[in-house]
file work_37.cif (mmCIF, C-alpha atoms)
data_query
#
loop_
_atom_site.label_atom_id
_atom_site.label_comp_id
_atom_site.auth_asym_id
_atom_site.auth_seq_id
_atom_site.Cartn_x
_atom_site.Cartn_y
_atom_site.Cartn_z
CA MET A 2 0.00 0.00 0.00
CA ASN A 3 1.17 3.53 -0.70
CA ASP A 4 0.21 6.86 0.91
CA ALA A 5 -2.71 7.34 -1.52
CA ASP A 6 -4.06 3.91 -0.56
CA TYR A 7 -3.91 4.81 3.13
CA ALA A 8 -5.75 8.07 2.39
CA ASN A 9 -8.43 6.16 0.44
CA MET A 10 -8.89 3.78 3.39
CA SER A 11 -10.59 6.61 5.29
CA ALA A 12 -13.68 6.03 3.12
CA PHE A 13 -13.49 2.22 3.22
CA SER A 14 -16.25 0.45 5.13
CA CYS A 15 -17.04 -3.23 5.30
CA GLY A 16 -19.75 -2.56 7.90
CA VAL A 17 -17.87 -4.08 10.84
CA LYS A 18 -16.75 -1.32 13.18
CA THR A 19 -13.65 -3.09 14.50
CA LEU A 20 -12.39 -3.82 10.97
CA ASP A 21 -13.32 -0.37 9.67
CA ASP A 22 -11.51 1.27 12.60
CA PHE A 23 -8.45 -0.88 12.02
CA PHE A 24 -8.22 -0.13 8.28
CA GLN A 25 -8.97 3.56 8.74
CA LEU A 26 -6.88 4.27 11.85
CA GLU A 27 -4.26 1.60 12.55
CA VAL A 28 -3.14 -0.25 9.43
CA LYS A 29 -0.52 2.30 8.36
CA GLU A 30 1.32 2.16 11.69
CA CYS A 31 1.15 -1.64 11.78
CA VAL A 32 2.79 -1.78 8.34
CA ARG A 33 5.36 0.85 9.27
CA ARG A 34 6.34 -1.17 12.35
CA HIS A 35 6.62 -4.43 10.30
CA TYR A 36 3.84 -6.03 12.32
CA LEU A 37 2.00 -7.09 9.17
CA SER A 38 1.70 -6.46 5.44
CA ALA A 39 -1.44 -4.82 4.05
CA TYR A 40 -2.99 -5.26 0.61
CA THR A 41 -5.89 -3.69 -1.24
CA VAL A 42 -8.10 -4.77 -4.12
CA PHE A 43 -9.30 -2.06 -6.48
CA LEU A 44 -12.23 -1.54 -8.81
CA ASP A 45 -11.60 -0.25 -12.33
CA THR A 46 -12.57 3.17 -10.98
CA GLY A 47 -9.64 3.10 -8.56
CA ALA A 48 -11.85 2.70 -5.48
CA ILE A 49 -10.80 0.15 -2.88
CA VAL A 50 -13.23 -2.79 -2.88
CA ALA A 51 -11.40 -5.00 -0.37
CA ALA A 52 -8.48 -4.92 2.03
CA PHE A 53 -6.59 -7.62 3.89
CA THR A 54 -3.48 -8.13 5.97
CA LEU A 55 -1.01 -10.98 6.25
CA MET A 56 1.43 -11.86 9.00
CA ASN A 57 3.63 -14.80 9.89
CA ASP A 58 2.09 -17.22 12.33
CA ALA A 59 2.40 -20.67 13.81
CA LEU A 60 -0.32 -23.10 14.71
CA MET A 61 0.42 -24.10 18.29
CA ILE A 62 -1.32 -27.03 19.90
CA GLY A 63 -1.45 -26.95 23.71
CA SER A 64 -1.99 -30.38 25.21
CA GLN A 65 -1.53 -33.90 23.89
CA THR A 66 -5.32 -34.30 23.87
CA GLU A 67 -5.67 -31.20 21.66
CA LYS A 68 -2.93 -32.50 19.37
CA ASP A 69 -4.64 -35.89 19.12
CA ASP A 70 -7.93 -34.17 18.20
CA PHE A 71 -6.15 -31.91 15.70
CA ILE A 72 -4.39 -34.86 14.02
CA GLU A 73 -7.65 -36.83 13.94
CA ASP A 74 -9.38 -33.92 12.15
CA LEU A 75 -6.49 -33.68 9.66
CA LYS A 76 -7.00 -37.34 8.72
CA LEU A 77 -10.30 -36.29 7.16
CA GLU A 78 -8.62 -33.58 5.04
CA THR A 79 -5.34 -35.01 3.76
CA ASP A 80 -3.38 -38.20 3.10
CA GLU A 81 -1.66 -40.43 5.66
CA ASP A 82 1.91 -39.33 4.78
CA VAL A 83 1.08 -35.68 5.50
CA VAL A 84 -0.69 -36.61 8.74
CA ALA A 85 2.26 -38.75 9.86
CA PHE A 86 4.69 -35.89 9.15
CA LEU A 87 2.54 -33.31 10.96
CA ASN A 88 2.11 -35.65 13.92
CA ARG A 89 5.90 -35.56 14.47
CA GLN A 90 5.99 -31.74 14.65
CA SER A 91 5.56 -29.59 17.75
CA SER A 92 4.27 -26.49 15.91
CA TYR A 93 3.17 -25.73 12.38
CA PRO A 94 4.27 -22.72 10.28
CA ALA A 95 1.39 -20.67 8.94
CA ILE A 96 0.38 -17.42 7.31
CA ASN A 97 -2.29 -15.48 9.14
CA ILE A 98 -4.97 -13.43 7.44
CA GLY A 99 -5.16 -10.87 10.21
CA HIS A 100 -7.93 -8.72 8.75
CA LEU A 101 -10.15 -9.19 5.71
CA GLY A 102 -12.90 -6.82 4.69
CA THR A 103 -14.92 -6.23 1.54
CA LEU A 104 -16.76 -2.99 0.79
CA LYS A 105 -20.36 -3.37 2.00
CA ASP A 106 -21.94 -3.06 -1.47
CA TYR A 107 -19.68 -5.83 -2.85
CA GLN A 108 -20.08 -8.44 -0.13
CA GLY A 109 -21.42 -11.82 -1.20
CA LEU A 110 -19.84 -11.61 -4.67
CA GLY A 111 -16.92 -13.95 -3.94
CA ILE A 112 -14.20 -11.32 -3.50
CA GLY A 113 -13.23 -12.55 -0.02
CA SER A 114 -13.07 -16.14 -1.28
CA MET A 115 -10.87 -15.06 -4.18
CA ILE A 116 -8.49 -13.36 -1.73
CA ILE A 117 -8.28 -16.52 0.39
CA ASP A 118 -7.61 -18.61 -2.73
CA LEU A 119 -4.91 -16.15 -3.84
CA VAL A 120 -3.19 -16.41 -0.45
CA ALA A 121 -3.47 -20.23 -0.49
CA ASP A 122 -2.14 -20.51 -4.04
CA THR A 123 0.71 -18.09 -3.35
CA TYR A 124 1.96 -19.93 -0.28
CA ALA A 125 1.31 -23.44 -1.61
CA LYS A 126 3.03 -22.90 -4.98
CA HIS A 127 5.82 -20.41 -4.46
CA ARG A 128 7.29 -21.85 -1.27
CA GLN A 129 8.97 -18.58 -0.27
CA SER A 130 8.98 -19.82 3.30
CA GLY A 131 7.75 -22.80 5.25
CA CYS A 132 3.97 -22.64 5.47
CA GLN A 133 1.59 -25.52 6.11
CA PHE A 134 -1.58 -23.65 7.08
CA ILE A 135 -3.55 -20.44 6.70
CA THR A 136 -4.88 -19.21 10.02
CA VAL A 137 -7.49 -16.61 10.94
CA ASP A 138 -8.90 -15.30 14.18
CA ALA A 139 -12.43 -14.97 12.87
CA LEU A 140 -14.97 -12.72 14.51
CA ASN A 141 -17.17 -15.07 16.51
CA ASN A 142 -20.47 -14.66 14.72
CA ASP A 143 -22.36 -17.02 12.41
CA ARG A 144 -21.79 -14.94 9.28
CA THR A 145 -18.02 -14.75 9.67
CA THR A 146 -17.34 -18.29 10.86
CA SER A 147 -19.67 -19.68 8.14
CA PHE A 148 -17.76 -17.69 5.50
CA TYR A 149 -14.46 -19.23 6.60
CA TYR A 150 -16.00 -22.68 6.97
CA LYS A 151 -17.25 -22.46 3.35
CA ASN A 152 -13.66 -21.60 2.40
CA SER A 153 -12.31 -24.86 3.89
CA PHE A 154 -11.36 -23.58 7.35
CA GLY A 155 -12.02 -25.55 10.51
CA PHE A 156 -11.91 -24.60 14.18
CA GLN A 157 -8.58 -25.22 15.87
CA THR A 158 -10.25 -25.68 19.25
CA ASN A 159 -13.60 -25.36 20.96
CA ARG A 160 -12.08 -23.62 24.00
CA ASP A 161 -12.67 -20.24 22.32
CA SER A 162 -16.35 -20.83 21.47
CA ALA A 163 -17.45 -18.04 23.84
CA SER A 164 -14.61 -15.64 22.92
CA PRO A 165 -14.95 -12.60 20.63
CA THR A 166 -12.86 -14.43 17.99
CA ARG A 167 -12.45 -18.07 16.96
CA ARG A 168 -9.13 -19.52 15.86
CA MET A 169 -9.59 -21.27 12.51
CA TYR A 170 -7.17 -22.90 10.07
CA ARG A 171 -6.98 -24.25 6.53
CA ILE A 172 -4.40 -26.75 5.39
CA LEU A 173 -2.38 -25.86 2.30
#
call {"tool": "encode", "arguments": {"input": "work_37.cif", "output": "structure tokens"}}
result
Amino acid sequence: MNDADYANMSAFSCGVKTLDDFFQLEVKECVRRHYLSAYTVFLDTGAIVAAFTLMNDALMIGSQTEKDDFIEDLKLETDEDVVAFLNRQSSYPAINIGHLGTLKDYQGLGIGSMIIDLVADTYAKHRQSGCQFITVDALNNDRTTSFYYKNSFGFQTNRDSASPTRRMYRIL
């Protein structure tokens, strides 16, 4: 993002106050401090239609019981060799989609799903760094968690079911 993009973010609204506030007030400083990288998607008119952030992450599994449950869930998603490899690891490198918002009038058109697919394809194909998963800390509401579930994410744990956000992941 450049200075013009940051200026244009002042008019960006996805309709979720916490995301709008972040994109309008905090994203520039987070980028400047190397906390995350921010990206925008533009319409032909030059207006921002979507924004998202990426940051390095790791999927950490707390107890042996949680790891057993995690590995059992992975068996449904991938082949035995991958599961056996992941079972030998103590943590799992990931890329985190820290924030993802689409302009209110363009929601439901698949833009968010295209962004997720772009991130997945980029990290699965280009192998710039070790990355086995995409993670998100999804707002804990039916609309948001359903969106990520439809995009092949699952819940990492049920311990956060009453929290403001839910930790979700997608295998690459």
call {"tool": "resolve_selection", "arguments": {"input": "work_37.cif", "expression": "the PyMOL selection byres ((chain A and resi 25) around 10)", "output": "list in words"}}
result
Tyr7, Ala8, Asn9, Met10, Ser11, Ala12, Phe13, Ser14, Thr19, Leu20, Asp21, Asp22, Phe23, Phe24, Leu26, Glu27, Val28 and Lys29 of chain A
call {"tool": "closest_residue", "arguments": {"input": "work_37.cif", "among": "A:Thr158, A:Ser164, A:Ser114, A:Thr41", "to": "Asp69 of chain A", "atoms": "all atoms listed in the file"}}
result
A:Thr158
call {"tool": "residues_around", "arguments": {"input": "work_37.cif", "residues": "Ile116 of chain A", "least_positions_apart": "3", "cutoff": "10 Å", "atoms": "all atoms listed in the file", "output": "number ranges by chain"}}
result
A: 42, 51-53, 98, 101, 111-113, 119-122
call {"tool": "atom_distance", "arguments": {"input": "work_37.cif", "atom1": "atom CA of Arg89 of chain A", "atom2": "atom CA of Asn57 of chain A"}}
result
21.4 Å
call {"tool": "resolve_selection", "arguments": {"input": "work_37.cif", "expression": "the PyMOL selection byres ((chain A and resi 155) around 6)", "output": "ChimeraX atom specification"}}
result
/A:154,156,169-170
call {"tool": "atom_distance", "arguments": {"input": "work_37.cif", "atom1": "atom CA of Ser153 of chain A", "atom2": "atom CA of Thr136 of chain A"}}
result
11.2 Å
call {"tool": "resolve_selection", "arguments": {"input": "work_37.cif", "expression": "the PyMOL selection byres ((chain A and resi 141-144) around 12)", "output": "list in words"}}
result
Val17, Gln108, Gly109, Val137, Asp138, Ala139, Leu140, Thr145, Thr146, Ser147, Phe148, Tyr149, Tyr150, Lys151, Phe156, Asn159, Asp161, Ser162, Ala163, Ser164, Pro165, Thr166, Arg167, Arg168 and Met169 of chain A
call {"tool": "closest_residue", "arguments": {"input": "work_37.cif", "among": "A:Thr79, A:Leu55, A:Gly63, A:Asn152", "to": "Tyr124 of chain A", "atoms": "all atoms listed in the file"}}
result
A:Leu55
call {"tool": "closest_residue", "arguments": {"input": "work_37.cif", "among": "A:Asp58, A:Arg128, A:Leu44, A:Arg171", "to": "Tyr93 of chain A", "atoms": "only C-alpha atoms"}}
result
A:Asp58
call {"tool": "atom_distance", "arguments": {"input": "work_37.cif", "atom1": "atom CA of Glu73 of chain A", "atom2": "atom CA of Met56 of chain A"}}
result
27.0 Å
call {"tool": "closest_residue", "arguments": {"input": "work_37.cif", "among": "A:Ile172, A:Leu104, A:Ile62, A:Ala95", "to": "Cys132 of chain A", "atoms": "all atoms listed in the file"}}
result
A:Ala95
call {"tool": "decode", "arguments": {"input": "work_37.cif", "residues": "segment 47-61 of chain A", "atoms": "N, CA and C atoms", "output": "PDB file, in the first residue's frame"}}
result
ATOM      1  N   GLY A  47     -10.693   2.738  -9.490  1.00  0.00           N
ATOM      2  CA  GLY A  47      -9.636   3.099  -8.556  1.00  0.00           C
ATOM      3  C   GLY A  47     -10.072   3.043  -7.105  1.00  0.00           C
ATOM      4  N   ALA A  48     -11.356   2.795  -6.860  1.00  0.00           N
ATOM      5  CA  ALA A  48     -11.852   2.695  -5.481  1.00  0.00           C
ATOM      6  C   ALA A  48     -11.431   1.359  -4.871  1.00  0.00           C
ATOM      7  N   ILE A  49     -11.156   1.370  -3.591  1.00  0.00           N
ATOM      8  CA  ILE A  49     -10.805   0.150  -2.881  1.00  0.00           C
ATOM      9  C   ILE A  49     -12.079  -0.659  -2.637  1.00  0.00           C
ATOM     10  N   VAL A  50     -12.074  -1.922  -3.068  1.00  0.00           N
ATOM     11  CA  VAL A  50     -13.230  -2.787  -2.878  1.00  0.00           C
ATOM     12  C   VAL A  50     -12.996  -3.798  -1.750  1.00  0.00           C
ATOM     13  N   ALA A  51     -11.715  -4.059  -1.441  1.00  0.00           N
ATOM     14  CA  ALA A  51     -11.400  -5.000  -0.366  1.00  0.00           C
ATOM     15  C   ALA A  51     -10.008  -4.685   0.169  1.00  0.00           C
ATOM     16  N   ALA A  52      -9.783  -5.075   1.405  1.00  0.00           N
ATOM     17  CA  ALA A  52      -8.476  -4.916   2.034  1.00  0.00           C
ATOM     18  C   ALA A  52      -8.228  -6.131   2.917  1.00  0.00           C
ATOM     19  N   PHE A  53      -6.945  -6.504   3.019  1.00  0.00           N
ATOM     20  CA  PHE A  53      -6.590  -7.620   3.888  1.00  0.00           C
ATOM     21  C   PHE A  53      -5.155  -7.466   4.355  1.00  0.00           C
ATOM     22  N   THR A  54      -4.833  -8.158   5.437  1.00  0.00           N
ATOM     23  CA  THR A  54      -3.478  -8.134   5.973  1.00  0.00           C
ATOM     24  C   THR A  54      -2.971  -9.561   6.132  1.00  0.00           C
ATOM     25  N   LEU A  55      -1.661  -9.694   6.055  1.00  0.00           N
ATOM     26  CA  LEU A  55      -1.006 -10.983   6.250  1.00  0.00           C
ATOM     27  C   LEU A  55       0.124 -10.820   7.251  1.00  0.00           C
ATOM     28  N   MET A  56       0.320 -11.850   8.043  1.00  0.00           N
ATOM     29  CA  MET A  56       1.432 -11.857   8.997  1.00  0.00           C
ATOM     30  C   MET A  56       1.866 -13.296   9.233  1.00  0.00           C
ATOM     31  N   ASN A  57       3.129 -13.468   9.583  1.00  0.00           N
ATOM     32  CA  ASN A  57       3.627 -14.798   9.893  1.00  0.00           C
ATOM     33  C   ASN A  57       2.934 -15.309  11.142  1.00  0.00           C
ATOM     34  N   ASP A  58       2.792 -16.622  11.210  1.00  0.00           N
ATOM     35  CA  ASP A  58       2.088 -17.217  12.332  1.00  0.00           C
ATOM     36  C   ASP A  58       2.601 -18.635  12.536  1.00  0.00           C
ATOM     37  N   ALA A  59       2.158 -19.254  13.569  1.00  0.00           N
ATOM     38  CA  ALA A  59       2.398 -20.671  13.813  1.00  0.00           C
ATOM     39  C   ALA A  59       1.158 -21.230  14.490  1.00  0.00           C
ATOM     40  N   LEU A  60       0.774 -22.391  14.067  1.00  0.00           N
ATOM     41  CA  LEU A  60      -0.324 -23.096  14.709  1.00  0.00           C
ATOM     42  C   LEU A  60       0.286 -23.848  15.889  1.00  0.00           C
ATOM     43  N   MET A  61      -0.112 -23.486  17.081  1.00  0.00           N
ATOM     44  CA  MET A  61       0.419 -24.104  18.291  1.00  0.00           C
ATOM     45  C   MET A  61      -0.696 -24.936  18.923  1.00  0.00           C
TER      46      MET A  61
END
